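Novice: After the C-alpha cells below, expect a handful of questions from me.
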Amino acid sequence: MIKLEEKDLKILRGISTGAGIFTLIVAITMLLSIVQLKALDPLDNPAIVSVKEEFDKDHENAVKAEQVRALDLMSRKAYFSSRRQVETGSYLLLAGAVIFIICQRLIADSEKNLPSVPGEKTDQSTENIRYAKYLAGTVAVVTVAAIVSSFILRNELPDLSGKSIARAEKKKDKKEKTKGLESVDIDNFSPDPTNFPFFRGQDGRGIAGGTGYPVEWNAENGTNIKWKTTVPKNGKSSPVIWGDKLIVTGAEGNDCEVYCLDKNTGEILWAAPASGLPGQPDVPPDTDHDTGIAAPTAATDGNSVCAIFANGNLVCLDMDGKLKWGKNIGTPANIYGYSCSVILHDGHLIVQFDSDEKVSMMGFDTATGELKWETLRRGRSTWASPSVATFNGTTQVLINGNPEVAAFDPATGKELWAIEVLSGDVAPSLAINSKFVYAVTDYARLAALKPGPGPSIVWEDNMFTSDVSSPVATEHYLFISTGVGDVACYDAIRGDTLWTHYFMDQFYASPIIADEKVFLLDRSGLMHIVNAGPEYNLIAESPIGEPSDCTPAFSDKNIYIRGRNSIFCISQN
Amino acid sequence: MLAWHAVLFAQERFPRPEFESGYVYPEHQMPADRAPVWEYIDLAVLIGALSLAAWLALKVRSRQGLLWLSVFSLAYFGFFREGCICSVGSVQNVALALFNKGYSIPLTALLFFMIPLIFALLFGRVFCAGVCPLGAIQELVTFRTVKLPRVVESVMISVPFIYLGISVLSAATESQFLICRYDPFVGIFRLDAPYTMVIFGGLLLIAGIFINRPYCRYLCPYGVLLNIFSRFSNKHLTITPAECINCRLCEDVCPYDAILPSDVGRPVVDPEKERKRFLTYIILVPFFAAAGAIIFGTLSPVFTGLNSDVRLAREIRAEAESGIPAVSLAALGFKEAGTTEAELFEKEIQTHERFRKGSVWMGLFLGISFGLSLVSLSTRTRRTGYVPHKGKCYSCGKCFQYCPVKLNKISNDKA
C-alpha cells in the first residue's frame, strides 16, 4: 500500500474533485448531445427545406441546385461532426471516471478503517432462527407473487387443449366465407367501369373500374390515340367522366370556364362560364405557376356538374351546361393557390375550404346552392382533396389535414373522428382500403391509420413520401409515387417496403389502379404501367408527348389524360 | 452512456445523398471472424489467471495482488475480449447442450463453464476474486463501502437462484440466452448496447461505489453454482494465516457478511430444541421440493412468454380470433415462410410441454435449495476461530488486513 502524506492527499482530493466535475460536465454535455442528435434530422433543416422548395418550383435553376447541394453537404457534415464529438466525449468520460476512481481509491485506502468493536455475542441458534425467518418470509413473498401473477396472466394465456385453436380456425373459416358480405358492411366501394366522377375517380380513391385498358400508346406517331382536343383555357384540374361526357375546367385570370367534351369524339359539347359571380375578387389571387386558378377538379353525379376555382367561384351546372346556381364563397388566401377538389354525395356538394384565414368543410345543397352546414377545422390549410369511404357502416368524408386526418358526416358535417398525423405542406390526398387510411406528405411521414372513433397509427415510415401525388391502396398493397421520381410499394397491412423503383422523373399526377395495374404518369407525360403486386414488374412505358400534372381518368376501356395543352383519349385500336 | 454513441451509429437515420456523378456507394464491410487460436489463448489466460488468483488468495494472501489481477482480467476478458466468452453466460450453453441433442456445445464454452467450478472445488471462489470481468469492474469502483442490513442480504440472496432457474429453463427450451441479453456490463465492454442496458450497468456501477459487487451478490446466476461448489472446496482462503486468536477484529469487516463467527464464548441453547428443528427441516425438504415443483409447474405458461415461437403463435391467434393485425417482423416472416398455422400451434404446444417439464424441475431445484438452506441454519457448529463462509466468500482478501496475526518467516525467527 502506498503511504500518503497529508499534502499528497490534498493534491489527490483536488485532482479527484476536478476529475469528478469534469466527468459530470462531460456526462451532462453528452446527454444533451445525444438527446439533440436523436431528435435531429439533418435533412429536416429549415434552411434546406426552404431552398429545396424554391428549387422544386424552378428545376432549371442551377444556382438553386448548387445551394441545395451545398446546404445538404454542410448539414450532413454538421451532423456527423456532432456524432464524432459524442464519440470523443465518451472517451473523455471514461478517462475522467478512471482518474476520479483511482484518486478516490487512494484516498480511501489511506484512511485507517478501524474495525468496529462488536457487542455481546449472540447465541448461534437465535441468529440462525432469525435468518431462517427472513428466508422463509422471502420465499413466502415470492410464492404469493408467483401464484397471484399466474392467476392474473392465466386469462391471457391460450387454452392449449385444442379448443381455442379449433375455435380460431372455425372463426377464420367463417370470416373467409362471409368475406364478401362483410366487405359490403364495412366498405361498399365498387368502382364503376364507366363513370369516373371525381378527382381520382369514384369516391376519390384512385381506383378505376373495368378492364381492358390500353398499356401502349404514343402520341407522336398516333399509336392508340383515339382523339386529341385542345382545351381553350389552361388548368391543372383533372378530367372526370359521367356516361359519355368528360368534364374539365380552365381559367385565364378571373375568366373561369367549365368544359364538357364528348368522350368518344373529343368534341367540345359545351363551355359554361363560371365568372362574374357576386363577391368574385377584381383581381385573381396570386398562385404558384404549377397550380393556377383551375387546379381543383370538377365533380359530377350524372345530374349536376360542380366546380370550384381558386378565386372562390363555386358553380353547379346541369349536364347540359346550364347554370343551376353559382356563388363566390370567399377567395381562399393560399400561398401556392387553392387546389382542393370538390365531391358530391347524396345531394350534397362537399367543399374543403382551405385558406390561411379559415379551414373548414362545407356542405351545399346541389339543387339550390344553400349552405346546409359548415364545420370549422383545426390546423392549417392544405392542398389535398376529400375522399369518401364507409367504415363500420358509417359513410364518411375523409380529408388529409394539417395536422389532423379527419372524417365528417357528409349529411351534417359533424366531425366523426380525427387524429394528428402530419405537418408541413400537405398536398397528397388519402389512400383508403377497407381496413386502413393512409396519409402522407413530404418531409413528414407516411402513416397507416386505423379509422373510426379512437383512431390510431398502425404503422409509419419516412423513406418514401410524396409532396403532391396521392398514394393509392388495394387491400394488400400501397403504392406511392414521389416528387423525386421514386415509386414504392408497401405491404398495406404491415408497412414493409416490398419494392421500390426510381423512374428518373417527378410525379405530380396521382397513380390510378385499374385492371390490376398501377398507372403512374410522370411530369414529362410518360405513363409507367406496373403490376399492382408485391414484385416490381414494368409492363409498359407510353408517352403522350407533352408534360402533365393531371391525374388520368378511366372509362369503358379508354384512358383520358390531360396534358399541358390537350386532352388525349387513349384507346386500344 | 459510454456506449450510446455506438448505438447511434447502428442505424441509417436518413436517406443517403443522391449522386448524379455515378458515384457508387462502398459495400458494407463486416469484420472477419477471430482466429481459432484465440480460443486456446483465452483458455490459457483463464487457467493462468485462476491459478494466479488461487496463489494470491491462499498462499501470498495479497489483496493488492488480487486487485491488479482484477485490472488485468477487466482489460483482457472485459474490454479486449468484449465480455465474450464468459463463464457466467456459458451456463446457458451447457443447459442448451444438456437438453437438446441437436446442439453441440463448443469445447471452449464447456471448459469456460467447468474450469472455474473445478477451481472453486479446489480453492473456493477464486474466479470471483480476480478473474471474472463482471466482478472486476464492480470491485474496482468500490471505495466507500456501506454494509447493508442483514435482512436485505437474507432477502436478496434468493434472487440469483430464481434467475439461474429461469435462465436455464429459457436456454434449455431454446428460447433465449437471458443472461447474455441482460448482461449489464457487456455494453460498456463493447461500447454498444441498448440504452436501457447501459443505464442499468451504469446504475449498478454507481451503486457499486457503496455496495460491494451488487450484480455478483444479488443477480449472478453462475455465482449460485460457484457458491455450491466452493462449499466443498479442499483448500480455501483463511482470514488468519495461523491460529485464530478470537480477537473479533474481523467480525464485522466483510462487506458480504461472509465471515462465520467463532463459537468460543457463545451462549449455548438447549441442544434438544436444535435437534428437533433440524429434523423438522430435514423432513420438510421433500415438501418444499414438491411445493416448488407444483408452483413453478403451474407458472410454466407464464414462462413460455420467453419463447419467440409461443409469442408468434399468440400474435397469430389474436389476429385470427380478434382481428388484431399481426404486424411484427416475426409474424411477417412466418407468413412469408409458408409455414401453416397448424404447424405453428403444434410447435407452441410442444414448447409449452417442454416448459411445463422444465418448470417442474426448476421448482424442485428452488424448493430443495430453500429446504437445505433452512437445514444448514439449524446445524450446530463447533468453530474455534473465525472462518470465511466457503459458499459466500468471494476470496477478495479484504479481511486480511484486519487480522493481527502475522506469519513471520522462519529465517527471520532464526535471525
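Chain lettering (A, B, ...) mirrors the order of the C-alpha cells, residue numbering begins at 1 for each chain separately, and ligand numbering begins at 1 in order of display.
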Sorted by chain and rising residue number, list the residues of chain B at most 8 Å from chain A (counting only C-alpha atoms), each with its closest atom pair and distance in Å to one decimal, as CSV.

Specialist:
```
residue,atom,partner,partner_atom,distance
B:Met1,CA,A:Ser90,CA,7.3
B:Leu2,CA,A:Ser90,CA,4.8
B:Ala3,CA,A:Ser90,CA,7.5
B:Trp4,CA,A:Ile34,CA,7.7
B:His5,CA,A:Glu87,CA,5.6
B:Ala6,CA,A:Glu87,CA,7.7
B:Arg13,CA,A:Asp41,CA,7.7
B:Phe14,CA,A:Asp41,CA,7.0
B:Pro15,CA,A:Met463,CA,7.2
B:Gln64,CA,A:Met1,CA,7.6
B:Val141,CA,A:Ile101,CA,6.3
B:Thr142,CA,A:Arg105,CA,7.8
B:Phe143,CA,A:Arg105,CA,5.4
B:Arg144,CA,A:Ala108,CA,7.3
B:Val151,CA,A:Tyr134,CA,6.4
B:Ser154,CA,A:Tyr134,CA,6.0
B:Val155,CA,A:Thr138,CA,5.5
B:Ser158,CA,A:Thr138,CA,7.7
B:Arg248,CA,A:Pro118,CA,7.2
B:Leu249,CA,A:Pro115,CA,5.9
B:Cys250,CA,A:Pro115,CA,7.0
B:Glu251,CA,A:Pro118,CA,7.2
B:Asp252,CA,A:Ser116,CA,7.1
B:Val253,CA,A:Pro115,CA,6.5
B:Asp263,CA,A:Gln124,CA,7.7
B:Gly265,CA,A:Lys121,CA,7.5
B:Arg266,CA,A:Asp123,CA,5.4
B:Pro267,CA,A:Asp123,CA,4.7
B:Val268,CA,A:Asp123,CA,6.0
B:Val269,CA,A:Ser125,CA,6.8
B:Glu274,CA,A:Ser125,CA,7.4
B:Ile295,CA,A:Ile147,CA,7.1
B:Thr298,CA,A:Ser150,CA,7.5
B:Leu299,CA,A:Ser150,CA,5.7
B:Pro301,CA,A:Leu157,CA,7.0
B:Val302,CA,A:Ser150,CA,6.7
B:Arg314,CA,A:Pro158,CA,7.4
B:Arg317,CA,A:Ala168,CA,6.8
B:Ala320,CA,A:Ala168,CA,5.7
B:Glu321,CA,A:Ala168,CA,5.2
B:Pro325,CA,A:Ile493,CA,7.4
B:Ala326,CA,A:Arg494,CA,7.9
B:Val327,CA,A:Arg494,CA,5.1
B:Ser328,CA,A:Arg494,CA,7.8
B:Leu332,CA,A:Arg494,CA,7.7
B:Phe345,CA,A:Ile165,CA,7.6
B:Ile349,CA,A:Leu160,CA,6.6
B:Phe370,CA,A:Val139,CA,7.9
B:Leu374,CA,A:Ala132,CA,5.9
B:Leu377,CA,A:Asn128,CA,5.2
B:Ser378,CA,A:Asn128,CA,6.6
B:Arg380,CA,A:Gln124,CA,7.7
B:Tyr402,CA,A:Pro115,CA,7.3
```

Novice: I need the chosen residues saved as a compact mmCIF listing (two decimals), in the first residue's frame, with C-alpha atoms.

Specialist:
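As a result, selection.txt now contains:
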```
# COMPACT_ATOMS: atom_id res chain seq x y z
CA MET B 1 -23.53 6.36 -21.61
CA LEU B 2 -20.14 5.38 -22.96
CA ALA B 3 -21.87 3.13 -25.41
CA TRP B 4 -24.59 5.45 -26.54
CA HIS B 5 -22.66 6.89 -29.43
CA ALA B 6 -22.11 3.42 -30.78
CA ARG B 13 -31.19 7.58 -39.79
CA PHE B 14 -31.85 9.45 -43.01
CA PRO B 15 -31.60 8.91 -46.76
CA GLN B 64 -3.23 -5.75 -3.75
CA VAL B 141 -15.22 1.07 -8.46
CA THR B 142 -15.88 0.35 -4.78
CA PHE B 143 -14.28 2.83 -2.40
CA ARG B 144 -16.97 3.85 0.08
CA VAL B 151 -32.29 -8.60 6.44
CA SER B 154 -31.10 -12.53 3.51
CA VAL B 155 -33.93 -11.43 1.25
CA SER B 158 -32.71 -15.78 -3.17
CA ARG B 248 -13.12 -10.45 16.96
CA LEU B 249 -11.49 -7.67 14.93
CA CYS B 250 -12.67 -9.23 11.66
CA GLU B 251 -16.19 -10.00 12.85
CA ASP B 252 -17.96 -7.15 11.03
CA VAL B 253 -15.49 -6.21 8.31
CA ASP B 263 -18.39 -20.41 18.71
CA GLY B 265 -17.76 -17.88 24.21
CA ARG B 266 -21.17 -18.05 22.53
CA PRO B 267 -24.15 -18.89 24.74
CA VAL B 268 -25.42 -22.39 24.13
CA VAL B 269 -29.11 -23.11 23.84
CA GLU B 274 -31.96 -27.57 17.88
CA ILE B 295 -45.97 -23.81 -8.00
CA THR B 298 -48.33 -24.05 -12.61
CA LEU B 299 -46.40 -20.98 -13.65
CA PRO B 301 -47.40 -20.90 -19.19
CA VAL B 302 -46.12 -17.57 -17.90
CA ARG B 314 -50.18 -15.79 -29.64
CA ARG B 317 -54.06 -16.41 -32.79
CA ALA B 320 -57.42 -14.99 -36.17
CA GLU B 321 -59.68 -14.58 -33.15
CA PRO B 325 -53.35 -7.49 -37.35
CA ALA B 326 -50.16 -9.44 -36.67
CA VAL B 327 -47.62 -6.85 -37.70
CA SER B 328 -44.40 -7.91 -36.02
CA LEU B 332 -44.38 -11.28 -41.37
CA PHE B 345 -49.72 -24.10 -33.00
CA ILE B 349 -47.98 -26.95 -27.71
CA PHE B 370 -34.73 -23.42 0.20
CA LEU B 374 -33.08 -23.93 6.38
CA LEU B 377 -29.26 -22.81 9.51
CA SER B 378 -30.31 -25.39 12.07
CA ARG B 380 -24.80 -26.69 15.30
CA TYR B 402 -7.80 -6.80 9.95
```

Novice: Quick one: DSSP helix (DSSP H, G or I) residues in stretch 72-156 of chain B, as an NGL selection string?

Specialist: :B and (72-80 or 87-99 or 107-123 or 126-130 or 133-141 or 150-156)

Novice: Rounded to one decimal in Å, what is the spacing between atom CA of B:Ile137 and atom CA of B:Gln176?

Specialist: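 These atoms are spaced 25.6 Å apart.
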
Novice: When DSSP is applied to the backbone of this structure, which of stretch 342-436 of chain A are assigned strand (DSSP E or B)? Write them out as number ranges by chain.

Specialist: A: 343-345, 348-354, 359-365, 371-376, 380, 387-391, 394-400, 402, 404-408, 415-420, 431-432

Novice: Please produce a file of the residues just selected, as a short mmCIF file (atom, residue, chain, number, x, y, z; two decimals), in the first residue's frame, where the atoms kept are C-alpha atoms.

Specialist:
```cif
data_model
loop_
_atom_site.label_atom_id
_atom_site.label_comp_id
_atom_site.auth_asym_id
_atom_site.auth_seq_id
_atom_site.Cartn_x
_atom_site.Cartn_y
_atom_site.Cartn_z
CA ILE A 343 -67.05 15.86 -54.38
CA LEU A 344 -70.74 15.08 -54.43
CA HIS A 345 -72.54 12.81 -52.04
CA HIS A 348 -74.60 17.42 -51.09
CA LEU A 349 -71.71 19.24 -52.68
CA ILE A 350 -68.78 18.87 -50.27
CA VAL A 351 -66.20 21.65 -50.32
CA GLN A 352 -62.94 21.53 -48.43
CA PHE A 353 -62.28 25.23 -47.95
CA ASP A 354 -58.62 25.71 -47.07
CA VAL A 359 -60.10 25.95 -42.77
CA SER A 360 -63.50 24.32 -42.90
CA MET A 361 -65.72 21.73 -44.53
CA MET A 362 -68.87 22.95 -46.25
CA GLY A 363 -71.93 21.09 -47.47
CA PHE A 364 -74.13 22.75 -50.13
CA ASP A 365 -77.46 21.58 -51.41
CA LEU A 371 -75.14 26.12 -47.45
CA LYS A 372 -76.52 23.26 -45.35
CA TRP A 373 -73.63 23.01 -42.95
CA GLU A 374 -70.13 24.25 -42.31
CA THR A 375 -67.70 22.69 -39.86
CA LEU A 376 -64.61 24.61 -38.89
CA ARG A 380 -53.53 24.92 -41.25
CA SER A 387 -62.40 11.15 -50.31
CA VAL A 388 -65.40 9.05 -49.35
CA ALA A 389 -65.40 5.70 -47.54
CA THR A 390 -67.57 3.59 -45.29
CA PHE A 391 -66.16 2.23 -42.04
CA THR A 394 -70.79 4.82 -41.40
CA THR A 395 -70.25 6.63 -44.66
CA GLN A 396 -67.83 9.46 -44.15
CA VAL A 397 -65.89 12.14 -45.96
CA LEU A 398 -62.21 11.91 -45.12
CA ILE A 399 -59.60 14.60 -45.51
CA ASN A 400 -55.85 14.77 -45.14
CA ASN A 402 -52.64 19.55 -41.22
CA GLU A 404 -55.32 16.15 -38.44
CA VAL A 405 -56.61 13.45 -40.70
CA ALA A 406 -60.34 13.75 -40.04
CA ALA A 407 -63.67 12.27 -41.05
CA PHE A 408 -67.01 14.07 -41.36
CA GLU A 415 -66.72 15.53 -37.22
CA LEU A 416 -66.69 11.77 -36.65
CA TRP A 417 -63.05 11.30 -35.69
CA ALA A 418 -59.69 12.97 -36.09
CA ILE A 419 -56.08 12.14 -35.40
CA GLU A 420 -52.96 14.26 -35.62
CA ALA A 431 -55.35 6.41 -49.82
CA ILE A 432 -58.04 4.12 -48.44
#
```

Novice: Applying 8 Å and only C-alpha atoms, which residues near stretch 53-60 of chain B remain after dropping the ones on its own chain fewer than 6 positions away? List them as a PDB file with C-alpha atoms, in the first residue's frame.

Specialist:
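As a result, out_0.pdb now contains:
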```pdb
ATOM      1  CA  LEU B  66      -5.850  -9.633  -6.424  1.00  0.00           C
ATOM      2  CA  LEU B  69      -5.289  -9.244 -11.317  1.00  0.00           C
ATOM      3  CA  PHE B 123      -9.645 -23.377  -3.806  1.00  0.00           C
ATOM      4  CA  VAL B 126     -11.019 -17.528  -6.780  1.00  0.00           C
ATOM      5  CA  PHE B 127     -12.761 -16.907 -10.102  1.00  0.00           C
ATOM      6  CA  ALA B 129     -11.717 -12.833  -6.608  1.00  0.00           C
ATOM      7  CA  GLY B 130      -9.916 -11.524  -9.659  1.00  0.00           C
ATOM      8  CA  VAL B 131     -10.767 -13.332 -12.891  1.00  0.00           C
ATOM      9  CA  HIS B 236      -9.938 -22.181   0.947  1.00  0.00           C
ATOM     10  CA  LEU B 237      -8.724 -18.725   1.782  1.00  0.00           C
ATOM     11  CA  THR B 238      -8.427 -18.170   5.512  1.00  0.00           C
ATOM     12  CA  SER B 395     -11.909 -14.656  -1.770  1.00  0.00           C
ATOM     13  CA  CYS B 396     -11.353 -10.927  -2.246  1.00  0.00           C
ATOM     14  CA  GLY B 397      -8.924 -10.732   0.678  1.00  0.00           C
TER      15      GLY B 397
END
```

Novice: Which of these residues is nearest to B:Ile41, using only C-alpha atoms: B:Arg81, B:Arg63, B:Lys406, B:Lys347?

Specialist: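 That would be B:Arg81, the residue with the smallest distance to B:Ile41.
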
Novice: For B:Thr379, which residue among B:Leu366, B:Leu279, B:Ala289, B:Cys128 is the nearest when counting only C-alpha atoms?

Specialist: B:Leu279

Novice: In terms of the shortest atom-to-atom distance over only C-alpha atoms, which of A:Ala70, A:Cys489, A:Val437, A:Ile567 is closest to A:Lys228?

Specialist: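 The closest residue to A:Lys228 is A:Ile567.
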
Novice: For B:Leu164, work out the shell of residues within 10 Å, counting only C-alpha atoms and skipping chain neighbours fewer than 2 positions away, then give it as JSON, numbers by chain.

Specialist: {"B": [91, 92, 159, 160, 161, 162, 166, 167, 168, 169, 170, 178, 179, 219, 220, 221, 222, 223, 224, 225, 362, 366]}

Novice: Between B:Ser376, B:Glu346, B:Ile85, B:Ala136, which one has atoms that come closest to B:Phe72, using only C-alpha atoms?

Specialist: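 Closest residue, counting only C-alpha atoms: B:Ala136.
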
Novice: Might you pull out every residue within 8 Å of stretch 214-220 of chain A, with only C-alpha atoms counted and same-chain residues fewer than 4 positions away left off, and present them as a ChimeraX atom specification?

Specialist: /A:224-225,529,539-545,557-559,570-572

Novice: Between B:Gly363, B:Gly201, B:Ala95, B:Lys235, which one has atoms that come closest to B:Ala120, using only C-alpha atoms?

Specialist: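 So, comparing all the options, the nearest one is B:Lys235.
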
Novice: Just how far from atom CA of A:Pro296 is atom CA of A:Pro284, in Å to one decimal?

Specialist: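 Atom-to-atom, atom CA of A:Pro284 to atom CA of A:Pro296, that is 15.2 Å.
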
Novice: If I take atom CA of B:Ala290 and atom CA of A:Ala145, how far is one from the other in Å, to one decimal?

Specialist: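 Computed distance, atom CA of B:Ala290 to atom CA of A:Ala145, equals 18.0 Å.
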
Novice: Tell me which of A:Pro197, A:Gly96, A:Gly14, A:Pro511 sits closest to A:Ser481, counting only C-alpha atoms.

Specialist: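 For A:Ser481, the nearest of the given residues is A:Pro511.
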